[in-house]
Amino acid sequence: MKSTLFVLLLMWAGFSTCTSQSLLPAGSGIFHFSTHPALRGDSIRVFYHRPVGKVAEFPVLFVMHGVNRNADTYRDNWVELSEKYKILVIVPEFTKERFPGSRMYNYGNLWSKDGKLNAEQDWTYSLIDPIFEEVVRLSVSKAKQYDLFGHSAGAQFAHRFFLFKRDTKVSRVVAANAGSYTMLDTGVDFPFGVNGMEMDEDRLKSLLARDLIVQLGEEDTDPKHRNLNVTPEAMKQGAYRFERGMNFYESAKECADRLGVSFGWTLRTVAGVAHDNAGMALDIAGYLYSGNKSGSTGENRSSKTNQFFKE
């Protein structure tokens, strides 16, 4: 009896040791995620970089790729930063085949092709928390929250995720060099405003008090950039990305003032950087994870707010 109990204890100890080890090897890799009903049996690839060290202690950062859906490149842009600051970097791949067009990616599949609001479980935004939970399981991470950074089309994903996806485990959201924005304007239809979405005054106050970082490359000023949205609705936000981002931030700040809310957003401009994910990543990694909040900032930069945003 004693020998049997001893064997069982050894087996339990071995199992416990195995399950406490990370299933994400150090370095760069890929895993497949498929356990969400929105995927309907399909899977998506998730690129990651795990630094050397105690992965359970690392902060988790989601990085949202741009219009080219090049998750591998975005992950690679973060490898050195991941090692330097000890960040577990997670980059889900939203392919054009599985998530075609802006509606499915930039706009999060909030609306169907025929103009109906989709069930929340079908939103692309609804995949992020479950992927985070899978990351925690695979890495044996102690993280309770994650940060989310998006550049270009990924910034469109990021700030709309911030605006519309409730009850998430996200801590800080960074929208870097978005091509267009969802303004907090109830007189403008989604995706350029919030008309048609659940957005009452209490929700607005809550969003304005939270931590959204609007990060803008000061040289992202090309009005003829090949991927810039030049629809009439987008052009009302500004001629180029830097101007649109400034107007987005300033209009939200004005909204906070009108509602008497302490404004929690941060505007961060990056000198010498145009529409470049790597350059923006270099700046924001230090800002988020070095403990040093100094550097380029646009808080005091003047900006003429577009008449489109005024009530």
# chains A, B, ... in the order shown; residues from 1 in each chain; ligands from 1

$ residues_around --residues "Phe162 of chain A" --least-positions-apart "6" --cutoff "12 Å" --atoms "only C-alpha atoms" --output "PDB file with C-alpha atoms, in the first residue's frame"
ATOM      1  CA  TYR A 107     -14.088  47.725 -38.351  1.00  0.00           C
ATOM      2  CA  GLY A 108     -14.106  44.494 -36.359  1.00  0.00           C
ATOM      3  CA  TYR A 125     -12.662  42.147 -31.519  1.00  0.00           C
ATOM      4  CA  SER A 126     -14.145  39.272 -29.512  1.00  0.00           C
ATOM      5  CA  ILE A 128      -8.582  39.005 -28.473  1.00  0.00           C
ATOM      6  CA  ASP A 147      -1.565  45.848 -23.531  1.00  0.00           C
ATOM      7  CA  LEU A 148      -2.639  46.281 -27.154  1.00  0.00           C
ATOM      8  CA  PHE A 149      -0.728  48.209 -29.839  1.00  0.00           C
ATOM      9  CA  GLY A 150      -1.923  48.655 -33.397  1.00  0.00           C
ATOM     10  CA  ALA A 155      -4.557  51.202 -35.129  1.00  0.00           C
ATOM     11  CA  GLN A 156      -8.042  51.338 -36.602  1.00  0.00           C
ATOM     12  CA  THR A 168     -12.058  43.025 -21.625  1.00  0.00           C
ATOM     13  CA  LYS A 169      -8.771  42.266 -19.902  1.00  0.00           C
ATOM     14  CA  VAL A 170      -6.939  44.993 -21.788  1.00  0.00           C
ATOM     15  CA  SER A 171      -4.931  47.497 -19.765  1.00  0.00           C
ATOM     16  CA  ARG A 172      -3.504  50.072 -22.188  1.00  0.00           C
ATOM     17  CA  VAL A 173      -4.425  50.581 -25.842  1.00  0.00           C
ATOM     18  CA  VAL A 174      -2.156  52.347 -28.349  1.00  0.00           C
ATOM     19  CA  ALA A 175      -3.464  53.517 -31.739  1.00  0.00           C
ATOM     20  CA  TYR A 181     -11.072  57.161 -36.933  1.00  0.00           C
ATOM     21  CA  THR A 182     -14.421  56.601 -35.309  1.00  0.00           C
ATOM     22  CA  ARG A 203     -20.397  55.293 -21.851  1.00  0.00           C
ATOM     23  CA  LEU A 204     -18.756  58.378 -23.367  1.00  0.00           C
ATOM     24  CA  SER A 206     -16.181  56.152 -19.156  1.00  0.00           C
ATOM     25  CA  LEU A 207     -14.219  56.017 -22.428  1.00  0.00           C
ATOM     26  CA  LEU A 208     -12.871  59.542 -22.098  1.00  0.00           C
ATOM     27  CA  ARG A 210      -9.712  55.634 -19.648  1.00  0.00           C
ATOM     28  CA  ASP A 211      -6.162  55.221 -20.953  1.00  0.00           C
ATOM     29  CA  LEU A 212      -6.017  55.427 -24.758  1.00  0.00           C
ATOM     30  CA  ILE A 213      -2.691  56.450 -26.262  1.00  0.00           C
ATOM     31  CA  VAL A 214      -2.919  58.168 -29.654  1.00  0.00           C
ATOM     32  CA  TRP A 265      -6.121  59.906 -23.085  1.00  0.00           C
TER      33      TRP A 265
END

$ select_by_dssp --residues "segment 51-232 of chain A" --states "strand (DSSP E or B)" --output "number ranges by chain"
A: 60-64, 88-92, 111, 117, 146-151, 170-176, 189, 195, 212-217

$ atom_distance --atom1 "atom CA of Gly187 of chain A" --atom2 "atom CA of Gln237 of chain A"
14.2 Å

$ atom_distance --atom1 "atom CA of Lys165 of chain A" --atom2 "atom CA of Leu110 of chain A"
10.0 Å

$ closest_residue --among "A:Glu233, A:Gln215, A:Asn227, A:Ala274" --to "Asp189 of chain A" --atoms "only C-alpha atoms"
A:Glu233

$ atom_distance --atom1 "atom CA of Ala71 of chain A" --atom2 "atom CA of Gly154 of chain A"
10.4 Å

$ residues_around --residues "Leu127 of chain A" --least-positions-apart "5" --cutoff "9 Å" --atoms "only C-alpha atoms" --output "list in words"
His36, Ala38, Leu39, Gln121, Asp122 and Phe132 of chain A

$ residues_around --residues "segment 57-67 of chain A" --least-positions-apart "6" --cutoff "8 Å" --atoms "only C-alpha atoms" --output "ChimeraX atom specification"
/A:74-75,86-93,141-143,145-155,157-158

$ closest_residue --among "A:Leu81, A:Val135, A:Ala252, A:Ile284" --to "Phe47 of chain A" --atoms "only C-alpha atoms"
A:Val135

$ closest_residue --among "A:Phe190, A:Phe161, A:Tyr48, A:Tyr85" --to "Leu117 of chain A" --atoms "only C-alpha atoms"
A:Phe190
